[in-house]
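Have a look at entry17.pdb; it's PDB, C-alpha atoms:
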ATOM      1  CA  LEU A   1     -62.145 234.966  -8.782  1.00  0.00           C
ATOM      2  CA  LYS A   2     -58.730 233.440  -8.605  1.00  0.00           C
ATOM      3  CA  PRO A   3     -58.836 229.746  -7.719  1.00  0.00           C
ATOM      4  CA  LEU A   4     -56.679 228.321  -4.941  1.00  0.00           C
ATOM      5  CA  GLY A   5     -55.172 225.809  -7.305  1.00  0.00           C
ATOM      6  CA  VAL A   6     -54.904 225.064 -10.996  1.00  0.00           C
ATOM      7  CA  GLN A   7     -54.718 221.492 -12.211  1.00  0.00           C
ATOM      8  CA  LEU A   8     -53.343 220.683 -15.611  1.00  0.00           C
ATOM      9  CA  VAL A   9     -54.375 217.286 -16.838  1.00  0.00           C
ATOM     10  CA  ALA A  10     -52.458 215.808 -19.765  1.00  0.00           C
ATOM     11  CA  ASP A  11     -53.281 212.585 -21.579  1.00  0.00           C
ATOM     12  CA  MET A  12     -50.219 211.553 -23.578  1.00  0.00           C
ATOM     13  CA  HIS A  13     -50.935 209.143 -26.393  1.00  0.00           C
ATOM     14  CA  GLY A  14     -48.552 207.344 -28.738  1.00  0.00           C
ATOM     15  CA  CYS A  15     -45.678 207.203 -26.245  1.00  0.00           C
ATOM     16  CA  ASP A  16     -42.578 205.006 -26.321  1.00  0.00           C
ATOM     17  CA  PRO A  17     -43.739 201.851 -24.484  1.00  0.00           C
ATOM     18  CA  ALA A  18     -40.271 201.029 -23.126  1.00  0.00           C
ATOM     19  CA  ALA A  19     -39.945 204.492 -21.573  1.00  0.00           C
ATOM     20  CA  LEU A  20     -43.380 204.105 -19.972  1.00  0.00           C
ATOM     21  CA  ASP A  21     -42.385 200.862 -18.261  1.00  0.00           C
ATOM     22  CA  ASP A  22     -38.950 201.842 -16.923  1.00  0.00           C
ATOM     23  CA  LEU A  23     -39.354 202.567 -13.215  1.00  0.00           C
ATOM     24  CA  GLN A  24     -36.068 204.389 -12.775  1.00  0.00           C
ATOM     25  CA  GLY A  25     -36.459 206.343 -16.007  1.00  0.00           C
ATOM     26  CA  VAL A  26     -40.007 207.460 -15.213  1.00  0.00           C
ATOM     27  CA  GLY A  27     -38.954 208.545 -11.729  1.00  0.00           C
ATOM     28  CA  GLU A  28     -36.006 210.560 -12.980  1.00  0.00           C
ATOM     29  CA  ALA A  29     -38.074 212.131 -15.747  1.00  0.00           C
ATOM     30  CA  MET A  30     -40.786 213.199 -13.331  1.00  0.00           C
ATOM     31  CA  LEU A  31     -38.271 214.788 -10.962  1.00  0.00           C
ATOM     32  CA  GLU A  32     -36.553 216.556 -13.853  1.00  0.00           C
ATOM     33  CA  ALA A  33     -39.945 217.748 -15.161  1.00  0.00           C
ATOM     34  CA  ALA A  34     -40.785 219.159 -11.728  1.00  0.00           C
ATOM     35  CA  ARG A  35     -37.453 220.985 -11.636  1.00  0.00           C
ATOM     36  CA  ARG A  36     -37.860 222.370 -15.155  1.00  0.00           C
ATOM     37  CA  GLY A  37     -41.283 223.694 -14.204  1.00  0.00           C
ATOM     38  CA  GLY A  38     -39.680 225.497 -11.293  1.00  0.00           C
ATOM     39  CA  ALA A  39     -41.308 223.344  -8.603  1.00  0.00           C
ATOM     40  CA  ARG A  40     -39.706 222.551  -5.250  1.00  0.00           C
ATOM     41  CA  ILE A  41     -39.637 218.796  -4.657  1.00  0.00           C
ATOM     42  CA  VAL A  42     -40.796 217.654  -1.212  1.00  0.00           C
ATOM     43  CA  ALA A  43     -41.209 213.883  -1.585  1.00  0.00           C
ATOM     44  CA  HIS A  44     -41.686 211.275  -4.282  1.00  0.00           C
ATOM     45  CA  ASN A  45     -42.840 207.734  -4.678  1.00  0.00           C
ATOM     46  CA  PHE A  46     -42.919 205.491  -7.746  1.00  0.00           C
ATOM     47  CA  HIS A  47     -44.223 201.988  -8.099  1.00  0.00           C
ATOM     48  CA  ARG A  48     -44.148 199.469 -10.928  1.00  0.00           C
ATOM     49  CA  PHE A  49     -47.040 197.077 -11.315  1.00  0.00           C
ATOM     50  CA  SER A  50     -47.038 193.565 -12.678  1.00  0.00           C
ATOM     51  CA  PRO A  51     -47.144 192.784 -15.563  1.00  0.00           C
ATOM     52  CA  HIS A  52     -46.598 196.422 -16.575  1.00  0.00           C
ATOM     53  CA  GLY A  53     -47.413 199.998 -15.777  1.00  0.00           C
ATOM     54  CA  ILE A  54     -46.056 202.567 -13.378  1.00  0.00           C
ATOM     55  CA  SER A  55     -47.732 204.924 -10.927  1.00  0.00           C
ATOM     56  CA  GLY A  56     -45.868 207.718  -9.284  1.00  0.00           C
ATOM     57  CA  VAL A  57     -46.298 210.991  -7.512  1.00  0.00           C
ATOM     58  CA  VAL A  58     -43.991 213.879  -6.739  1.00  0.00           C
ATOM     59  CA  ILE A  59     -45.258 216.023  -3.890  1.00  0.00           C
ATOM     60  CA  ILE A  60     -44.043 219.534  -4.545  1.00  0.00           C
ATOM     61  CA  ALA A  61     -44.241 222.573  -2.302  1.00  0.00           C
ATOM     62  CA  GLU A  62     -46.763 223.888  -4.818  1.00  0.00           C
ATOM     63  CA  SER A  63     -48.973 220.713  -4.727  1.00  0.00           C
ATOM     64  CA  HIS A  64     -48.236 217.623  -6.870  1.00  0.00           C
ATOM     65  CA  LEU A  65     -47.177 216.014 -10.118  1.00  0.00           C
ATOM     66  CA  ALA A  66     -48.595 212.537 -10.769  1.00  0.00           C
ATOM     67  CA  ILE A  67     -48.284 209.927 -13.501  1.00  0.00           C
ATOM     68  CA  HIS A  68     -49.884 206.633 -14.435  1.00  0.00           C
ATOM     69  CA  THR A  69     -48.603 204.701 -17.426  1.00  0.00           C
ATOM     70  CA  TRP A  70     -50.143 202.022 -19.638  1.00  0.00           C
ATOM     71  CA  PRO A  71     -47.233 200.788 -21.783  1.00  0.00           C
ATOM     72  CA  GLU A  72     -49.538 198.312 -23.516  1.00  0.00           C
ATOM     73  CA  HIS A  73     -51.589 201.252 -24.791  1.00  0.00           C
ATOM     74  CA  ARG A  74     -48.608 203.582 -25.257  1.00  0.00           C
ATOM     75  CA  PHE A  75     -50.452 205.936 -22.897  1.00  0.00           C
ATOM     76  CA  ALA A  76     -49.601 208.073 -19.879  1.00  0.00           C
ATOM     77  CA  ALA A  77     -51.974 210.149 -17.733  1.00  0.00           C
ATOM     78  CA  ILE A  78     -50.206 213.092 -16.116  1.00  0.00           C
ATOM     79  CA  ASP A  79     -51.521 215.630 -13.602  1.00  0.00           C
ATOM     80  CA  LEU A  80     -49.832 218.796 -12.487  1.00  0.00           C
ATOM     81  CA  PHE A  81     -51.640 220.431  -9.616  1.00  0.00           C
ATOM     82  CA  THR A  82     -50.194 223.763  -8.546  1.00  0.00           C
ATOM     83  CA  CYS A  83     -51.187 226.508  -6.167  1.00  0.00           C
ATOM     84  CA  SER A  84     -48.420 228.899  -7.141  1.00  0.00           C
ATOM     85  CA  ASP A  85     -47.840 231.153 -10.112  1.00  0.00           C
ATOM     86  CA  SER A  86     -44.145 230.414  -9.799  1.00  0.00           C
ATOM     87  CA  VAL A  87     -44.597 227.000 -11.420  1.00  0.00           C
ATOM     88  CA  GLN A  88     -44.528 226.875 -15.220  1.00  0.00           C
ATOM     89  CA  PRO A  89     -46.666 223.907 -16.239  1.00  0.00           C
ATOM     90  CA  ASP A  90     -45.790 224.236 -19.929  1.00  0.00           C
ATOM     91  CA  LEU A  91     -42.095 223.612 -19.289  1.00  0.00           C
ATOM     92  CA  CYS A  92     -42.881 220.644 -17.089  1.00  0.00           C
ATOM     93  CA  LEU A  93     -45.227 219.007 -19.587  1.00  0.00           C
ATOM     94  CA  ALA A  94     -43.069 219.777 -22.620  1.00  0.00           C
ATOM     95  CA  TYR A  95     -40.220 217.898 -21.004  1.00  0.00           C
ATOM     96  CA  LEU A  96     -42.392 214.844 -20.318  1.00  0.00           C
ATOM     97  CA  GLN A  97     -43.871 214.877 -23.811  1.00  0.00           C
ATOM     98  CA  GLN A  98     -40.367 214.889 -25.262  1.00  0.00           C
ATOM     99  CA  PHE A  99     -39.117 212.234 -22.843  1.00  0.00           C
ATOM    100  CA  PHE A 100     -41.954 209.820 -23.626  1.00  0.00           C
ATOM    101  CA  ARG A 101     -41.956 210.799 -27.328  1.00  0.00           C
ATOM    102  CA  SER A 102     -45.692 211.293 -27.193  1.00  0.00           C
ATOM    103  CA  GLU A 103     -47.311 211.771 -30.586  1.00  0.00           C
ATOM    104  CA  ARG A 104     -50.493 213.385 -29.281  1.00  0.00           C
ATOM    105  CA  VAL A 105     -51.225 215.194 -26.047  1.00  0.00           C
ATOM    106  CA  VAL A 106     -54.729 216.120 -24.908  1.00  0.00           C
ATOM    107  CA  THR A 107     -54.709 218.651 -22.083  1.00  0.00           C
ATOM    108  CA  SER A 108     -57.342 220.298 -19.993  1.00  0.00           C
ATOM    109  CA  THR A 109     -57.211 222.710 -17.101  1.00  0.00           C
ATOM    110  CA  LEU A 110     -59.244 222.602 -13.931  1.00  0.00           C
ATOM    111  CA  ARG A 111     -59.674 225.517 -11.560  1.00  0.00           C
ATOM    112  CA  ARG A 112     -59.717 224.145  -8.024  1.00  0.00           C
ATOM    113  CA  GLY A 113     -61.168 225.910  -5.031  1.00  0.00           C
ATOM    114  CA  GLU A 114     -63.046 228.829  -6.450  1.00  0.00           C
ATOM    115  CA  LEU A 115     -64.086 230.607  -3.305  1.00  0.00           C
ATOM    116  CA  ARG A 116     -67.244 232.625  -3.049  1.00  0.00           C
ATOM    117  CA  PRO A 117     -66.702 236.352  -2.687  1.00  0.00           C
ATOM    118  CA  PRO A 118     -67.137 237.689   0.836  1.00  0.00           C
ATOM    119  CA  GLY A 119     -70.559 239.066   1.105  1.00  0.00           C
ATOM    120  CA  PRO A 120     -73.104 240.387   0.985  1.00  0.00           C
TER
ATOM    121  CA  LEU B   1     -65.282 203.905 -25.653  1.00  0.00           C
ATOM    122  CA  LYS B   2     -64.307 202.989 -22.165  1.00  0.00           C
ATOM    123  CA  PRO B   3     -61.505 205.187 -20.820  1.00  0.00           C
ATOM    124  CA  LEU B   4     -58.404 203.702 -19.207  1.00  0.00           C
ATOM    125  CA  GLY B   5     -58.983 205.699 -16.061  1.00  0.00           C
ATOM    126  CA  VAL B   6     -61.649 207.777 -14.383  1.00  0.00           C
ATOM    127  CA  GLN B   7     -60.687 210.721 -12.208  1.00  0.00           C
ATOM    128  CA  LEU B   8     -63.093 212.081  -9.661  1.00  0.00           C
ATOM    129  CA  VAL B   9     -62.222 215.578  -8.590  1.00  0.00           C
ATOM    130  CA  ALA B  10     -63.859 216.895  -5.412  1.00  0.00           C
ATOM    131  CA  ASP B  11     -63.589 220.426  -4.055  1.00  0.00           C
ATOM    132  CA  MET B  12     -64.693 220.365  -0.432  1.00  0.00           C
ATOM    133  CA  HIS B  13     -65.718 223.745   0.961  1.00  0.00           C
ATOM    134  CA  GLY B  14     -66.676 224.735   4.472  1.00  0.00           C
ATOM    135  CA  CYS B  15     -64.534 222.104   6.183  1.00  0.00           C
ATOM    136  CA  ASP B  16     -63.397 221.946   9.804  1.00  0.00           C
ATOM    137  CA  PRO B  17     -60.118 223.928   9.741  1.00  0.00           C
ATOM    138  CA  ALA B  18     -58.549 221.957  12.588  1.00  0.00           C
ATOM    139  CA  ALA B  19     -59.164 218.660  10.780  1.00  0.00           C
ATOM    140  CA  LEU B  20     -57.600 220.094   7.612  1.00  0.00           C
ATOM    141  CA  ASP B  21     -54.390 220.989   9.425  1.00  0.00           C
ATOM    142  CA  ASP B  22     -53.833 217.798  11.432  1.00  0.00           C
ATOM    143  CA  LEU B  23     -51.138 215.802   9.640  1.00  0.00           C
ATOM    144  CA  GLN B  24     -51.795 212.522  11.409  1.00  0.00           C
ATOM    145  CA  GLY B  25     -55.562 212.888  11.146  1.00  0.00           C
ATOM    146  CA  VAL B  26     -55.498 213.698   7.426  1.00  0.00           C
ATOM    147  CA  GLY B  27     -53.197 210.750   6.768  1.00  0.00           C
ATOM    148  CA  GLU B  28     -55.371 208.301   8.669  1.00  0.00           C
ATOM    149  CA  ALA B  29     -58.536 209.649   7.049  1.00  0.00           C
ATOM    150  CA  MET B  30     -57.090 209.277   3.560  1.00  0.00           C
ATOM    151  CA  LEU B  31     -56.010 205.693   4.211  1.00  0.00           C
ATOM    152  CA  GLU B  32     -59.407 204.860   5.704  1.00  0.00           C
ATOM    153  CA  ALA B  33     -61.132 206.514   2.729  1.00  0.00           C
ATOM    154  CA  ALA B  34     -59.047 204.403   0.340  1.00  0.00           C
ATOM    155  CA  ARG B  35     -60.008 201.244   2.247  1.00  0.00           C
ATOM    156  CA  ARG B  36     -63.698 202.158   2.328  1.00  0.00           C
ATOM    157  CA  GLY B  37     -63.611 202.692  -1.414  1.00  0.00           C
ATOM    158  CA  GLY B  38     -62.186 199.212  -1.827  1.00  0.00           C
ATOM    159  CA  ALA B  39     -58.754 200.360  -2.989  1.00  0.00           C
ATOM    160  CA  ARG B  40     -55.538 198.466  -2.291  1.00  0.00           C
ATOM    161  CA  ILE B  41     -52.954 200.754  -0.673  1.00  0.00           C
ATOM    162  CA  VAL B  42     -49.441 200.594  -2.161  1.00  0.00           C
ATOM    163  CA  ALA B  43     -47.678 203.613  -0.645  1.00  0.00           C
ATOM    164  CA  HIS B  44     -48.488 206.924   0.974  1.00  0.00           C
ATOM    165  CA  ASN B  45     -46.854 210.205   1.779  1.00  0.00           C
ATOM    166  CA  PHE B  46     -48.180 213.221   3.673  1.00  0.00           C
ATOM    167  CA  HIS B  47     -46.528 216.533   4.321  1.00  0.00           C
ATOM    168  CA  ARG B  48     -47.507 219.544   6.404  1.00  0.00           C
ATOM    169  CA  PHE B  49     -46.491 222.967   5.229  1.00  0.00           C
ATOM    170  CA  SER B  50     -45.690 226.033   7.261  1.00  0.00           C
ATOM    171  CA  PRO B  51     -47.668 227.977   8.402  1.00  0.00           C
ATOM    172  CA  HIS B  52     -50.527 225.633   7.480  1.00  0.00           C
ATOM    173  CA  GLY B  53     -51.837 223.223   4.906  1.00  0.00           C
ATOM    174  CA  ILE B  54     -51.246 219.585   4.114  1.00  0.00           C
ATOM    175  CA  SER B  55     -50.489 217.740   0.878  1.00  0.00           C
ATOM    176  CA  GLY B  56     -50.677 214.012   0.655  1.00  0.00           C
ATOM    177  CA  VAL B  57     -51.007 211.161  -1.771  1.00  0.00           C
ATOM    178  CA  VAL B  58     -51.959 207.532  -1.412  1.00  0.00           C
ATOM    179  CA  ILE B  59     -50.770 205.427  -4.321  1.00  0.00           C
ATOM    180  CA  ILE B  60     -53.267 202.623  -4.731  1.00  0.00           C
ATOM    181  CA  ALA B  61     -53.077 199.594  -6.982  1.00  0.00           C
ATOM    182  CA  GLU B  62     -55.896 201.239  -8.924  1.00  0.00           C
ATOM    183  CA  SER B  63     -54.049 204.618  -9.321  1.00  0.00           C
ATOM    184  CA  HIS B  64     -54.120 207.342  -6.635  1.00  0.00           C
ATOM    185  CA  LEU B  65     -55.962 209.373  -4.027  1.00  0.00           C
ATOM    186  CA  ALA B  66     -54.571 212.871  -3.404  1.00  0.00           C
ATOM    187  CA  ILE B  67     -55.409 215.776  -1.116  1.00  0.00           C
ATOM    188  CA  HIS B  68     -54.357 219.371  -0.636  1.00  0.00           C
ATOM    189  CA  THR B  69     -55.788 221.389   2.225  1.00  0.00           C
ATOM    190  CA  TRP B  70     -56.141 225.123   2.862  1.00  0.00           C
ATOM    191  CA  PRO B  71     -57.255 225.347   6.501  1.00  0.00           C
ATOM    192  CA  GLU B  72     -57.328 229.152   6.268  1.00  0.00           C
ATOM    193  CA  HIS B  73     -59.995 228.828   3.555  1.00  0.00           C
ATOM    194  CA  ARG B  74     -61.703 225.776   5.110  1.00  0.00           C
ATOM    195  CA  PHE B  75     -61.025 224.080   1.770  1.00  0.00           C
ATOM    196  CA  ALA B  76     -59.689 220.736   0.569  1.00  0.00           C
ATOM    197  CA  ALA B  77     -59.039 219.618  -3.011  1.00  0.00           C
ATOM    198  CA  ILE B  78     -59.320 215.854  -3.392  1.00  0.00           C
ATOM    199  CA  ASP B  79     -58.621 213.653  -6.408  1.00  0.00           C
ATOM    200  CA  LEU B  80     -59.446 210.017  -6.804  1.00  0.00           C
ATOM    201  CA  PHE B  81     -57.953 208.543  -9.942  1.00  0.00           C
ATOM    202  CA  THR B  82     -58.908 204.954 -10.605  1.00  0.00           C
ATOM    203  CA  CYS B  83     -58.438 202.491 -13.414  1.00  0.00           C
ATOM    204  CA  SER B  84     -60.581 199.759 -11.915  1.00  0.00           C
ATOM    205  CA  ASP B  85     -64.316 199.227 -11.568  1.00  0.00           C
ATOM    206  CA  SER B  86     -63.642 197.564  -8.227  1.00  0.00           C
ATOM    207  CA  VAL B  87     -63.114 200.933  -6.544  1.00  0.00           C
ATOM    208  CA  GLN B  88     -66.213 202.741  -5.295  1.00  0.00           C
ATOM    209  CA  PRO B  89     -65.421 206.456  -5.391  1.00  0.00           C
ATOM    210  CA  ASP B  90     -68.670 207.440  -3.692  1.00  0.00           C
ATOM    211  CA  LEU B  91     -67.810 205.537  -0.514  1.00  0.00           C
ATOM    212  CA  CYS B  92     -64.332 207.012  -0.468  1.00  0.00           C
ATOM    213  CA  LEU B  93     -65.492 210.599  -0.916  1.00  0.00           C
ATOM    214  CA  ALA B  94     -68.459 210.284   1.434  1.00  0.00           C
ATOM    215  CA  TYR B  95     -66.084 209.250   4.196  1.00  0.00           C
ATOM    216  CA  LEU B  96     -63.813 212.253   3.592  1.00  0.00           C
ATOM    217  CA  GLN B  97     -66.734 214.674   3.388  1.00  0.00           C
ATOM    218  CA  GLN B  98     -67.950 213.385   6.743  1.00  0.00           C
ATOM    219  CA  PHE B  99     -64.482 213.419   8.272  1.00  0.00           C
ATOM    220  CA  PHE B 100     -63.799 217.030   7.275  1.00  0.00           C
ATOM    221  CA  ARG B 101     -67.424 218.053   7.942  1.00  0.00           C
ATOM    222  CA  SER B 102     -67.572 219.711   4.551  1.00  0.00           C
ATOM    223  CA  GLU B 103     -70.662 221.844   4.030  1.00  0.00           C
ATOM    224  CA  ARG B 104     -70.472 221.883   0.228  1.00  0.00           C
ATOM    225  CA  VAL B 105     -68.767 219.540  -2.203  1.00  0.00           C
ATOM    226  CA  VAL B 106     -68.312 220.307  -5.886  1.00  0.00           C
ATOM    227  CA  THR B 107     -67.351 217.245  -7.903  1.00  0.00           C
ATOM    228  CA  SER B 108     -66.505 216.604 -11.494  1.00  0.00           C
ATOM    229  CA  THR B 109     -65.437 213.523 -13.361  1.00  0.00           C
ATOM    230  CA  LEU B 110     -62.719 213.246 -15.974  1.00  0.00           C
ATOM    231  CA  ARG B 111     -62.356 210.371 -18.396  1.00  0.00           C
ATOM    232  CA  ARG B 112     -58.643 209.720 -18.865  1.00  0.00           C
ATOM    233  CA  GLY B 113     -57.139 207.893 -21.811  1.00  0.00           C
ATOM    234  CA  GLU B 114     -59.946 207.565 -24.275  1.00  0.00           C
ATOM    235  CA  LEU B 115     -58.310 205.457 -26.925  1.00  0.00           C
ATOM    236  CA  ARG B 116     -59.198 205.680 -30.558  1.00  0.00           C
ATOM    237  CA  PRO B 117     -60.960 202.645 -31.967  1.00  0.00           C
ATOM    238  CA  PRO B 118     -58.722 200.381 -34.032  1.00  0.00           C
ATOM    239  CA  GLY B 119     -58.771 201.785 -37.528  1.00  0.00           C
ATOM    240  CA  PRO B 120     -59.327 202.472 -40.221  1.00  0.00           C
TER
END

Can I see the file as structure tokens?
Amino acid sequence: LKPLGVQLVADMHGCDPAALDDLQGVGEAMLEAARRGGARIVAHNFHRFSPHGISGVVIIAESHLAIHTWPEHRFAAIDLFTCSDSVQPDLCLAYLQQFFRSERVVTSTLRRGELRPPGP
Amino acid sequence: LKPLGVQLVADMHGCDPAALDDLQGVGEAMLEAARRGGARIVAHNFHRFSPHGISGVVIIAESHLAIHTWPEHRFAAIDLFTCSDSVQPDLCLAYLQQFFRSERVVTSTLRRGELRPPGP
């Protein structure tokens, strides 16, 4: 059965700490990543916490792209949730990995909304 | 090792389709769910798509709470990402399950940002 949505979860380790703590830079990178993946941007919101760390979400027509950063651990948690085959998650994540200069990315994929077949 | 964040992923099946397609109702329910879970709300954004379906995200001080709804499938995909023990995901999700009158919830938990121990 085809799921309604597919969620790609990427843990990016060994990132550039300055890039992870730059509110404007993270926001622009996330929007560019959404565009490179072929997503249509609907809304976005980014917030920097004290003393460090950024959370942000891009709502896309195909679902969402979210990030949380821990500059002190050189770590970013990224989610790309999409309900459309038109989005190319690999292009989106490759851009972010390059932008943050991540040394190690651990990804996993979740299938969301696996409906039961009509029956019996 | 304790992860930096814990992500609770809930697929809610058999929901009330009208509740899933009510932009104001979904927004208020998500904010109330965040409060009941003990989260501090930073920002929020909800969007209704044509012909149906809502996407929305609440950025919380402890990370985020996101939803995507498919009224035509009576389905909602909900994510609660938290980096703080002060948030109680069960209270948050129980409120949403009740609000949407979901008949079946499938949850899974992801550990995000498992750091390597200091070496060697």

Proximity to chain A - best of B:Val6, B:Leu20, B:Cys92, B:Val57, all atoms listed in the file: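 Distance minimum relative to chain A lands on B:Val57.
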
Expected selection from the PyMOL selection byres ((chain B) within 8 of (chain A)), given as JSON, numbers by chain: {"B": [11, 13, 43, 45, 49, 55, 56, 57, 59, 61, 63, 68, 75, 76, 77, 112, 113]}

Of the listed residues A:Leu65, A:Leu1, A:Pro117, A:Gln98, that which approaches Gly37 of chain A most closely, counting all atoms listed in the file: A:Leu65

Selection under test: the PyMOL selection byres ((chain A and resi 25) around 12); residues as a list in words: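 What the PyMOL selection byres ((chain A and resi 25) around 12) grabs from the file is Ala18, Ala19, Leu20, Asp21, Asp22, Leu23, Gln24, Val26, Gly27, Glu28, Ala29, Met30, Leu31, Glu32, Ala33, Phe46, His47, Arg48, Ile54, Gly56, Leu96, Phe99 and Phe100 of chain A.
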
The PyMOL selection byres ((chain A and resi 103) around 8) applied to the shown file, residues as JSON, numbers by chain: {"A": [12, 13, 14, 15, 101, 102, 104, 105]}

Neighbour list for Glu72 of chain B as a PyMOL selection string, cut-off 9 Å, only C-alpha atoms, skip fewer than 6 positions in-chain: chain B and resi 17+52-53

Contacts of Asp90 of chain A at 12 Å (only C-alpha atoms; same-chain gap of 3+ positions) as a ChimeraX atom specification: /A:8-10,33-34,36-38,80,86-87,93-97,107,109

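Relative to atom CA of Pro3 of chain B, atom CA of Ser84 of chain B is found at 10.5 Å.
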